[in-house]
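Source file: data_23.cif (mmCIF, C-alpha atoms)
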```cif
data_run
loop_
_atom_site.label_atom_id
_atom_site.label_comp_id
_atom_site.auth_asym_id
_atom_site.auth_seq_id
_atom_site.Cartn_x
_atom_site.Cartn_y
_atom_site.Cartn_z
CA MET H 1 1.77 -79.95 -90.28
CA GLN H 2 -0.75 -77.14 -90.42
CA LYS H 3 -0.43 -74.31 -92.92
CA THR H 4 -2.03 -70.97 -93.54
CA GLU H 5 -3.92 -70.12 -96.71
CA ASN H 6 -0.74 -69.07 -98.50
CA SER H 7 0.96 -72.38 -97.49
CA THR H 8 3.35 -70.65 -95.11
CA VAL H 9 3.59 -72.32 -91.72
CA VAL H 10 3.02 -69.88 -88.85
CA LYS H 11 5.62 -70.81 -86.24
CA ILE H 12 5.66 -69.42 -82.72
CA ASP H 13 7.42 -70.31 -79.49
CA PHE H 14 5.61 -72.09 -76.67
CA PRO H 15 4.92 -69.15 -74.28
CA LEU H 16 5.04 -71.12 -71.01
CA ARG H 17 7.58 -73.04 -68.96
CA GLY H 18 7.06 -76.34 -67.19
CA THR H 19 4.32 -78.93 -67.82
CA TRP H 20 0.84 -78.21 -69.22
CA LYS H 21 -2.26 -80.01 -70.46
CA ILE H 22 -4.09 -78.96 -73.62
CA PHE H 23 -7.84 -78.33 -73.71
CA HIS H 24 -10.34 -77.36 -76.40
CA ILE H 25 -13.34 -75.96 -74.55
CA PRO H 26 -16.73 -76.47 -76.31
CA GLY H 27 -17.52 -73.40 -78.38
CA HIS H 28 -13.87 -72.49 -78.94
CA HIS H 29 -12.46 -72.21 -82.44
CA GLN H 30 -10.58 -75.35 -83.52
CA ASN H 31 -7.34 -73.35 -83.69
CA ALA H 32 -7.72 -71.86 -80.19
CA TYR H 33 -6.04 -73.59 -77.26
CA ASP H 34 -6.25 -73.54 -73.47
CA PHE H 35 -3.25 -74.52 -71.34
CA VAL H 36 -3.69 -75.68 -67.74
CA GLY H 37 -0.59 -76.14 -65.60
CA LEU H 38 0.53 -79.41 -64.02
CA ASP H 39 3.13 -80.23 -61.39
CA SER H 40 6.08 -81.54 -63.43
CA ASP H 41 6.69 -84.46 -61.07
CA THR H 42 3.19 -85.61 -60.08
CA LEU H 43 1.28 -84.28 -63.14
CA LYS H 44 -1.42 -83.03 -60.79
CA TYR H 45 -3.44 -79.84 -61.35
CA PHE H 46 -3.60 -78.84 -57.69
CA ARG H 47 -1.17 -78.16 -54.89
CA LYS H 48 -3.84 -79.30 -52.40
CA ASN H 49 -7.60 -79.84 -51.94
CA ALA H 50 -8.12 -81.50 -55.33
CA LEU H 51 -11.67 -82.79 -54.70
CA LYS H 52 -12.76 -79.52 -53.11
CA ASN H 53 -11.39 -77.53 -56.04
CA ILE H 54 -12.99 -79.77 -58.63
CA PHE H 55 -16.46 -80.23 -57.20
CA TRP H 56 -17.20 -77.25 -54.99
CA GLY H 57 -14.67 -74.49 -54.65
CA GLY H 58 -11.18 -73.55 -53.60
CA SER H 59 -8.56 -70.88 -54.03
CA VAL H 60 -6.94 -70.13 -57.37
CA GLU H 61 -3.66 -70.43 -55.49
CA ASP H 62 -4.29 -74.18 -55.18
CA TRP H 63 -3.84 -74.53 -58.96
CA HIS H 64 -0.36 -75.07 -60.40
CA SER H 65 -1.32 -72.77 -63.29
CA TRP H 66 -1.82 -69.75 -61.06
CA ALA H 67 0.66 -66.88 -61.48
CA LYS H 68 3.01 -68.84 -63.76
CA PRO H 69 4.97 -66.48 -66.03
CA ILE H 70 3.96 -65.99 -69.65
CA PHE H 71 6.60 -65.20 -72.27
CA SER H 72 6.31 -63.65 -75.70
CA PRO H 73 6.03 -66.43 -78.30
CA ASP H 74 7.34 -64.25 -81.10
CA ASN H 75 9.05 -61.01 -82.04
CA GLY H 76 6.65 -58.17 -82.70
CA ILE H 77 4.89 -55.03 -81.56
CA VAL H 78 2.33 -54.97 -78.76
CA VAL H 79 -1.02 -53.81 -80.16
CA GLN H 80 -3.19 -54.10 -77.05
CA ALA H 81 -2.27 -54.69 -73.43
CA GLU H 82 -5.34 -54.69 -71.21
CA ASP H 83 -5.09 -55.06 -67.42
CA GLY H 84 -7.17 -54.18 -64.37
CA TRP H 85 -9.88 -56.84 -64.64
CA PRO H 86 -10.30 -58.79 -61.36
CA ASP H 87 -9.55 -62.49 -61.12
CA ARG H 88 -12.11 -64.95 -59.82
CA ARG H 89 -10.21 -65.94 -56.69
CA GLU H 90 -12.44 -68.89 -55.79
CA VAL H 91 -12.90 -71.66 -58.33
CA GLY H 92 -15.23 -74.65 -58.32
CA PHE H 93 -14.59 -76.18 -61.73
CA VAL H 94 -17.50 -78.63 -61.99
CA ARG H 95 -19.93 -76.14 -60.47
CA GLY H 96 -18.77 -73.45 -62.90
CA PHE H 97 -18.91 -75.84 -65.86
CA ILE H 98 -22.51 -76.82 -65.09
CA GLN H 99 -23.58 -73.21 -64.62
CA PHE H 100 -21.94 -72.14 -67.88
CA PHE H 101 -22.83 -74.99 -70.24
CA PHE H 102 -26.23 -76.02 -68.87
CA PHE H 103 -27.64 -72.81 -67.40
CA ARG H 104 -25.79 -70.33 -69.65
CA ARG H 105 -24.33 -68.41 -66.73
CA PRO H 106 -20.84 -67.34 -67.79
CA PRO H 107 -18.22 -66.68 -65.12
CA SER H 108 -18.13 -63.02 -66.20
CA LYS H 109 -21.04 -60.93 -67.52
CA ILE H 110 -20.24 -60.37 -71.19
CA THR H 111 -20.16 -56.77 -72.41
CA ASP H 112 -18.36 -54.98 -75.23
CA ASP H 113 -15.39 -54.44 -72.91
CA PRO H 114 -13.04 -57.14 -74.26
CA ARG H 115 -11.87 -57.91 -70.73
CA SER H 116 -15.33 -59.24 -69.83
CA ILE H 117 -14.50 -62.15 -72.16
CA ALA H 118 -10.70 -62.25 -72.36
CA GLY H 119 -9.88 -60.87 -68.94
CA ASN H 120 -6.49 -59.23 -68.93
CA PHE H 121 -4.81 -59.85 -72.26
CA VAL H 122 -2.02 -58.97 -74.67
CA THR H 123 -1.98 -58.95 -78.47
CA ILE H 124 1.28 -58.89 -80.42
CA ARG H 125 1.57 -58.18 -84.16
CA ARG H 126 4.22 -60.21 -85.95
CA ALA H 127 6.17 -58.84 -88.91
CA ASP H 128 3.78 -60.67 -91.29
CA GLY H 129 0.77 -58.98 -89.66
CA ILE H 130 -0.50 -62.05 -87.81
CA ILE H 131 -1.78 -61.20 -84.31
CA VAL H 132 -0.89 -63.40 -81.32
CA PHE H 133 -3.67 -63.26 -78.71
CA MET H 134 -3.08 -64.41 -75.09
CA CYS H 135 -5.66 -63.88 -72.39
CA HIS H 136 -7.08 -64.56 -68.88
CA MET H 137 -3.91 -63.11 -67.34
CA LYS H 138 -3.59 -62.35 -63.65
CA ASN H 139 -4.82 -58.91 -62.65
CA GLY H 140 -1.89 -56.52 -62.30
CA SER H 141 0.60 -58.84 -64.01
CA VAL H 142 0.69 -57.41 -67.55
CA LYS H 143 4.23 -56.12 -68.10
CA VAL H 144 3.97 -54.50 -71.56
CA ASN H 145 2.24 -51.53 -73.13
CA PRO H 146 0.85 -50.81 -76.62
CA GLY H 147 3.66 -49.90 -78.97
CA ASP H 148 6.33 -51.86 -77.08
CA LYS H 149 8.66 -54.00 -79.14
CA VAL H 150 8.97 -57.51 -77.73
CA ASN H 151 11.23 -60.42 -78.56
CA VAL H 152 10.78 -64.14 -78.12
CA GLY H 153 11.11 -65.00 -74.43
CA ASP H 154 10.33 -61.55 -73.02
CA ALA H 155 8.11 -61.74 -69.92
CA ILE H 156 4.70 -60.26 -70.69
CA GLY H 157 2.46 -61.33 -67.80
CA GLU H 158 1.27 -64.18 -65.57
CA VAL H 159 -1.41 -66.85 -65.83
CA GLY H 160 -4.60 -65.76 -64.09
CA ASN H 161 -8.33 -66.38 -63.89
CA SER H 162 -9.77 -63.14 -65.23
CA GLY H 163 -12.69 -62.67 -67.60
CA ASN H 164 -14.78 -65.56 -68.87
CA SER H 165 -12.62 -68.25 -67.26
CA LEU H 166 -13.55 -71.39 -65.33
CA SER H 167 -10.06 -71.99 -63.90
CA PRO H 168 -6.57 -70.47 -64.02
CA HIS H 169 -5.22 -71.06 -67.51
CA LEU H 170 -3.75 -69.40 -70.59
CA HIS H 171 -5.85 -69.09 -73.73
CA LEU H 172 -3.85 -68.71 -76.96
CA ASN H 173 -4.82 -68.24 -80.57
CA LEU H 174 -3.83 -66.21 -83.61
CA PHE H 175 -5.87 -63.67 -85.54
CA LYS H 176 -5.38 -62.64 -89.14
CA ASP H 177 -4.04 -59.14 -89.64
CA THR H 178 -6.50 -56.49 -88.54
CA ASP H 179 -6.40 -52.79 -87.80
CA GLN H 180 -9.43 -53.11 -85.53
CA LYS H 181 -8.97 -52.83 -81.80
CA LEU H 182 -10.40 -55.91 -80.11
CA THR H 183 -13.73 -55.39 -78.39
CA GLY H 184 -16.06 -57.92 -76.83
CA LYS H 185 -18.01 -58.03 -80.09
CA THR H 186 -15.01 -58.50 -82.38
CA ILE H 187 -13.49 -61.23 -80.20
CA LEU H 188 -16.70 -63.26 -80.44
CA GLU H 189 -16.98 -62.60 -84.19
CA TYR H 190 -13.39 -63.59 -84.90
CA LEU H 191 -13.49 -66.75 -82.79
CA LYS H 192 -16.70 -67.94 -84.47
CA GLY H 193 -15.44 -67.33 -88.00
CA ALA H 194 -12.47 -68.26 -90.14
CA TYR H 195 -10.42 -65.42 -88.72
CA VAL H 196 -8.27 -67.74 -86.57
CA PRO H 197 -5.37 -69.31 -88.50
CA PRO H 198 -3.56 -72.47 -87.40
CA PHE H 199 -0.01 -72.43 -86.06
CA VAL H 200 2.78 -74.71 -84.90
CA PHE H 201 5.16 -74.42 -81.97
CA GLU H 202 8.86 -74.33 -82.83
CA ARG H 203 9.71 -76.88 -80.12
CA PHE H 204 8.11 -78.64 -77.18
CA ARG H 205 8.16 -82.01 -75.45
CA ARG H 206 5.22 -84.41 -75.75
CA GLN H 207 4.44 -87.14 -73.25
CA ILE H 208 4.60 -90.56 -74.92
CA ASN H 209 4.31 -93.67 -72.74
CA HIS H 210 5.55 -91.85 -69.61
CA ASP H 211 8.55 -90.43 -71.47
CA TRP H 212 9.00 -86.96 -72.94
CA ALA H 213 9.84 -86.74 -76.65
CA LEU H 214 11.13 -83.61 -78.34
CA VAL H 215 8.78 -82.34 -81.05
CA GLN H 216 9.47 -79.62 -83.60
CA THR H 217 7.08 -77.56 -85.76
CA GLU H 218 3.90 -79.28 -84.62
CA THR H 219 0.70 -78.29 -82.87
CA PRO H 220 -0.23 -80.10 -79.62
CA GLN H 221 -3.48 -82.03 -79.63
CA LYS H 222 -6.46 -81.93 -77.27
CA GLY H 223 -5.76 -83.82 -74.06
CA GLU H 224 -2.01 -84.00 -74.54
CA LYS H 225 0.49 -83.21 -71.81
CA ILE H 226 3.40 -81.14 -73.04
CA GLN H 227 6.50 -79.46 -71.62
CA SER H 228 8.64 -76.55 -72.69
CA SER H 229 11.74 -77.83 -74.47
#
```
Could you write out this file's structure as structure tokens?
Amino acid sequence: MQKTENSTVVKIDFPLRGTWKIFHIPGHHQNAYDFVGLDSDTLKYFRKNALKNIFWGGSVEDWHSWAKPIFSPDNGIVVQAEDGWPDRREVGFVRGFIQFFFFRRPPSKITDDPRSIAGNFVTIRRADGIIVFMCHMKNGSVKVNPGDKVNVGDAIGEVGNSGNSLSPHLHLNLFKDTDQKLTGKTILEYLKGAYVPPFVFERFRRQINHDWALVQTETPQKGEKIQSS
């Protein structure tokens, strides 16, 4: 069980419904997670054209992640709610991966506009000051505004492919309490440093030997398939 510096476990709800696979992209902080959607029956990433989507290019609408609803993982106050950044509507995952990691060509040109990195995103401040950061949301899907009070389970947006994203997915991490508004610069600084605390999900289901086991107050691991409880 992971703990913060003051030995208090940071618990949040899993903000998605259905079945998802966990990724840690190279260069991400160890406490930052990417969730890519799967069909709950077949455990496939794509509705169709799998090889085309993987190796060359296809529509974001072929991905099961695309446009899935995102729910608030905790009670709190919305600090930032940024929308209006376009999604990359065509995705070739392998092509994009090679361009990004071998030729240093990110999917989105990075500027100090935080959306150039995070795409459309929402940050929520918990009562203890911890910030929940969720990004790469679908353009036009953000449903909250700064200052809004949200509760666990409130709809806040949809999974998209905006910003520095190689495929439709949700990126989630926490930030320690800060009064600074996130910019492109601060996002990169925080994710490279010790500014990202660990957390656990209250409940989720983990795939174990083709069955789904209920798990409480744990953090999913890289490569795992999990479901909302």
Which of H:Ser40, H:Asn209, H:Gln180, H:Asn161 sits closest to Ile131 in chain H [using all atoms listed in the file] | H:Gln180
Give me the residues within 7 Å of range 19-34 of chain H as a VMD selection string, counting all atoms listed in the file and dropping any in the same chain fewer than 5 places off.
-> chain H and resid 39 to 40 169 to 173 191 to 192 196 to 198 221 to 228
Looking at H:Val132, H:Ile187, H:Ala118, H:Val159, which one is nearest to Ile70 in chain H, with distances taken over all atoms listed in the file?
-> H:Val159
Residues in the PyMOL selection byres ((chain H and resi 47-56) around 12), expressed as number ranges by chain = H: 37-46, 57-66, 89-98, 166-168
Separation of CA of Lys143 in chain H from CA of Lys181 in chain H, in Å and rounded to one decimal |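 Between CA of Lys143 in chain H and CA of Lys181 in chain H the gap works out to 19.3 Å.
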Applied to the shown file, which residues does the PyMOL selection byres ((chain H and resi 206) around 9) return, written as a ChimeraX atom specification?
-> /H:204-205,207-208,211-215,220,224-227
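With CA of Phe35 in chain H on one side and CA of Asp128 in chain H on the other, the separation reads 25.3 Å.
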Step by step, work through what the PyMOL selection byres ((chain H and resi 84) around 6) selects in the shown file, and finish by giving those residues as a list of chain:residue names.
-> H:Asp83, H:Trp85, H:Asn139
Calculate how many Å separate CA of Thr111 in chain H from CA of Gly184 in chain H, rounding to one decimal.
-> 6.1 Å
Between H:Asp113, H:Pro69, H:Ile12, H:Arg17, smallest distance to Leu182 in chain H by only C-alpha atoms belongs to H:Asp113
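The residue that comes closest to Phe14 in chain H, out of H:Ser72, H:Asn120, H:Thr178, H:Asn145 and on the basis of only C-alpha atoms, is H:Ser72.
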Top pick for closest residue to Pro146 in chain H, considering H:Thr8, H:Gly18, H:Glu82, H:Gly160 and counting only C-alpha atoms = H:Glu82
From the list H:Val142, H:Ile117, H:Val200, H:Val9, which residue is nearest Pro73 in chain H when using only C-alpha atoms?
->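 Nearest candidate to Pro73 in chain H out of H:Val142, H:Ile117, H:Val200, H:Val9: H:Val200.
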As lines of an AutoDock Vina configuration file, please: the centre and edge lengths in Å, to one decimal, of an axis-aligned box enclosing every listed atom of range 17-20 of chain H with 4 Å added on each side.
```
center_x = 4.2
center_y = -76.0
center_z = -68.2
size_x = 14.7
size_y = 13.9
size_z = 10.0
```
Near-Ile110 in chain H list (12 Å; all atoms listed in the file; drop same-chain fewer than 5 positions) as a PyMOL selection string | chain H and resi 104-105+115-119+163-165+183-185+187-188
Using the partial input, fill out range 161-172 of chain H with all heavy atoms; write the result as a PDB file, keeping the file's coordinate frame.
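Generated file (rebuild.pdb):
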```
ATOM      1  N   ASN H 161      -6.972 -65.843 -63.768  1.00  0.00           N
ATOM      2  CA  ASN H 161      -8.330 -66.380 -63.890  1.00  0.00           C
ATOM      3  C   ASN H 161      -9.305 -65.226 -64.081  1.00  0.00           C
ATOM      4  O   ASN H 161     -10.347 -65.155 -63.441  1.00  0.00           O
ATOM      5  CB  ASN H 161      -8.687 -67.213 -62.655  1.00  0.00           C
ATOM      6  CG  ASN H 161      -9.936 -68.030 -62.844  1.00  0.00           C
ATOM      7  OD1 ASN H 161     -10.164 -68.591 -63.915  1.00  0.00           O
ATOM      8  ND2 ASN H 161     -10.768 -68.108 -61.809  1.00  0.00           N
ATOM      9  N   SER H 162      -8.961 -64.338 -64.989  1.00  0.00           N
ATOM     10  CA  SER H 162      -9.770 -63.140 -65.230  1.00  0.00           C
ATOM     11  C   SER H 162     -10.670 -63.345 -66.443  1.00  0.00           C
ATOM     12  O   SER H 162     -10.389 -64.144 -67.331  1.00  0.00           O
ATOM     13  CB  SER H 162      -8.863 -61.927 -65.446  1.00  0.00           C
ATOM     14  OG  SER H 162      -7.962 -62.145 -66.528  1.00  0.00           O
ATOM     15  N   GLY H 163     -11.771 -62.596 -66.473  1.00  0.00           N
ATOM     16  CA  GLY H 163     -12.690 -62.670 -67.600  1.00  0.00           C
ATOM     17  C   GLY H 163     -13.542 -63.918 -67.560  1.00  0.00           C
ATOM     18  O   GLY H 163     -13.882 -64.435 -66.494  1.00  0.00           O
ATOM     19  N   ASN H 164     -13.885 -64.419 -68.743  1.00  0.00           N
ATOM     20  CA  ASN H 164     -14.780 -65.560 -68.870  1.00  0.00           C
ATOM     21  C   ASN H 164     -13.970 -66.856 -68.739  1.00  0.00           C
ATOM     22  O   ASN H 164     -13.740 -67.580 -69.713  1.00  0.00           O
ATOM     23  CB  ASN H 164     -15.508 -65.502 -70.207  1.00  0.00           C
ATOM     24  CG  ASN H 164     -16.776 -66.310 -70.216  1.00  0.00           C
ATOM     25  OD1 ASN H 164     -17.237 -66.775 -69.176  1.00  0.00           O
ATOM     26  ND2 ASN H 164     -17.338 -66.497 -71.380  1.00  0.00           N
ATOM     27  N   SER H 165     -13.547 -67.148 -67.523  1.00  0.00           N
ATOM     28  CA  SER H 165     -12.620 -68.250 -67.260  1.00  0.00           C
ATOM     29  C   SER H 165     -13.145 -69.120 -66.132  1.00  0.00           C
ATOM     30  O   SER H 165     -13.565 -68.620 -65.090  1.00  0.00           O
ATOM     31  CB  SER H 165     -11.246 -67.682 -66.879  1.00  0.00           C
ATOM     32  OG  SER H 165     -10.364 -68.697 -66.461  1.00  0.00           O
ATOM     33  N   LEU H 166     -13.073 -70.449 -66.338  1.00  0.00           N
ATOM     34  CA  LEU H 166     -13.550 -71.390 -65.330  1.00  0.00           C
ATOM     35  C   LEU H 166     -12.446 -71.839 -64.375  1.00  0.00           C
ATOM     36  O   LEU H 166     -12.729 -72.411 -63.325  1.00  0.00           O
ATOM     37  CB  LEU H 166     -14.147 -72.633 -66.011  1.00  0.00           C
ATOM     38  CG  LEU H 166     -15.443 -72.413 -66.783  1.00  0.00           C
ATOM     39  CD1 LEU H 166     -15.825 -73.669 -67.549  1.00  0.00           C
ATOM     40  CD2 LEU H 166     -16.563 -72.005 -65.836  1.00  0.00           C
ATOM     41  N   SER H 167     -11.186 -71.614 -64.759  1.00  0.00           N
ATOM     42  CA  SER H 167     -10.060 -71.990 -63.900  1.00  0.00           C
ATOM     43  C   SER H 167      -8.817 -71.265 -64.393  1.00  0.00           C
ATOM     44  O   SER H 167      -8.779 -70.802 -65.536  1.00  0.00           O
ATOM     45  CB  SER H 167      -9.830 -73.509 -63.943  1.00  0.00           C
ATOM     46  OG  SER H 167      -9.395 -73.914 -65.225  1.00  0.00           O
ATOM     47  N   PRO H 168      -7.787 -71.146 -63.574  1.00  0.00           N
ATOM     48  CA  PRO H 168      -6.570 -70.470 -64.020  1.00  0.00           C
ATOM     49  C   PRO H 168      -5.950 -71.191 -65.226  1.00  0.00           C
ATOM     50  O   PRO H 168      -5.652 -72.392 -65.157  1.00  0.00           O
ATOM     51  CB  PRO H 168      -5.643 -70.568 -62.797  1.00  0.00           C
ATOM     52  CG  PRO H 168      -6.554 -70.773 -61.637  1.00  0.00           C
ATOM     53  CD  PRO H 168      -7.696 -71.583 -62.165  1.00  0.00           C
ATOM     54  N   HIS H 169      -5.787 -70.465 -66.311  1.00  0.00           N
ATOM     55  CA  HIS H 169      -5.220 -71.060 -67.510  1.00  0.00           C
ATOM     56  C   HIS H 169      -4.818 -69.946 -68.473  1.00  0.00           C
ATOM     57  O   HIS H 169      -5.183 -68.784 -68.286  1.00  0.00           O
ATOM     58  CB  HIS H 169      -6.230 -71.991 -68.192  1.00  0.00           C
ATOM     59  CG  HIS H 169      -7.357 -71.284 -68.881  1.00  0.00           C
ATOM     60  ND1 HIS H 169      -8.411 -70.703 -68.203  1.00  0.00           N
ATOM     61  CD2 HIS H 169      -7.607 -71.056 -70.207  1.00  0.00           C
ATOM     62  CE1 HIS H 169      -9.251 -70.159 -69.059  1.00  0.00           C
ATOM     63  NE2 HIS H 169      -8.786 -70.347 -70.286  1.00  0.00           N
ATOM     64  N   LEU H 170      -4.075 -70.337 -69.506  1.00  0.00           N
ATOM     65  CA  LEU H 170      -3.750 -69.400 -70.590  1.00  0.00           C
ATOM     66  C   LEU H 170      -4.488 -69.832 -71.842  1.00  0.00           C
ATOM     67  O   LEU H 170      -4.418 -70.986 -72.265  1.00  0.00           O
ATOM     68  CB  LEU H 170      -2.252 -69.401 -70.867  1.00  0.00           C
ATOM     69  CG  LEU H 170      -1.831 -68.506 -72.059  1.00  0.00           C
ATOM     70  CD1 LEU H 170      -2.037 -67.035 -71.730  1.00  0.00           C
ATOM     71  CD2 LEU H 170      -0.393 -68.780 -72.472  1.00  0.00           C
ATOM     72  N   HIS H 171      -5.219 -68.881 -72.425  1.00  0.00           N
ATOM     73  CA  HIS H 171      -5.850 -69.090 -73.730  1.00  0.00           C
ATOM     74  C   HIS H 171      -4.947 -68.455 -74.781  1.00  0.00           C
ATOM     75  O   HIS H 171      -4.485 -67.325 -74.627  1.00  0.00           O
ATOM     76  CB  HIS H 171      -7.230 -68.441 -73.763  1.00  0.00           C
ATOM     77  CG  HIS H 171      -7.874 -68.498 -75.114  1.00  0.00           C
ATOM     78  ND1 HIS H 171      -8.841 -69.421 -75.440  1.00  0.00           N
ATOM     79  CD2 HIS H 171      -7.672 -67.746 -76.231  1.00  0.00           C
ATOM     80  CE1 HIS H 171      -9.221 -69.232 -76.696  1.00  0.00           C
ATOM     81  NE2 HIS H 171      -8.526 -68.218 -77.202  1.00  0.00           N
ATOM     82  N   LEU H 172      -4.724 -69.193 -75.884  1.00  0.00           N
ATOM     83  CA  LEU H 172      -3.850 -68.710 -76.960  1.00  0.00           C
ATOM     84  C   LEU H 172      -4.470 -69.018 -78.308  1.00  0.00           C
ATOM     85  O   LEU H 172      -4.908 -70.139 -78.570  1.00  0.00           O
ATOM     86  CB  LEU H 172      -2.482 -69.395 -76.860  1.00  0.00           C
ATOM     87  CG  LEU H 172      -1.530 -69.236 -78.050  1.00  0.00           C
ATOM     88  CD1 LEU H 172      -1.066 -67.791 -78.186  1.00  0.00           C
ATOM     89  CD2 LEU H 172      -0.329 -70.170 -77.899  1.00  0.00           C
TER      90      LEU H 172
END
```
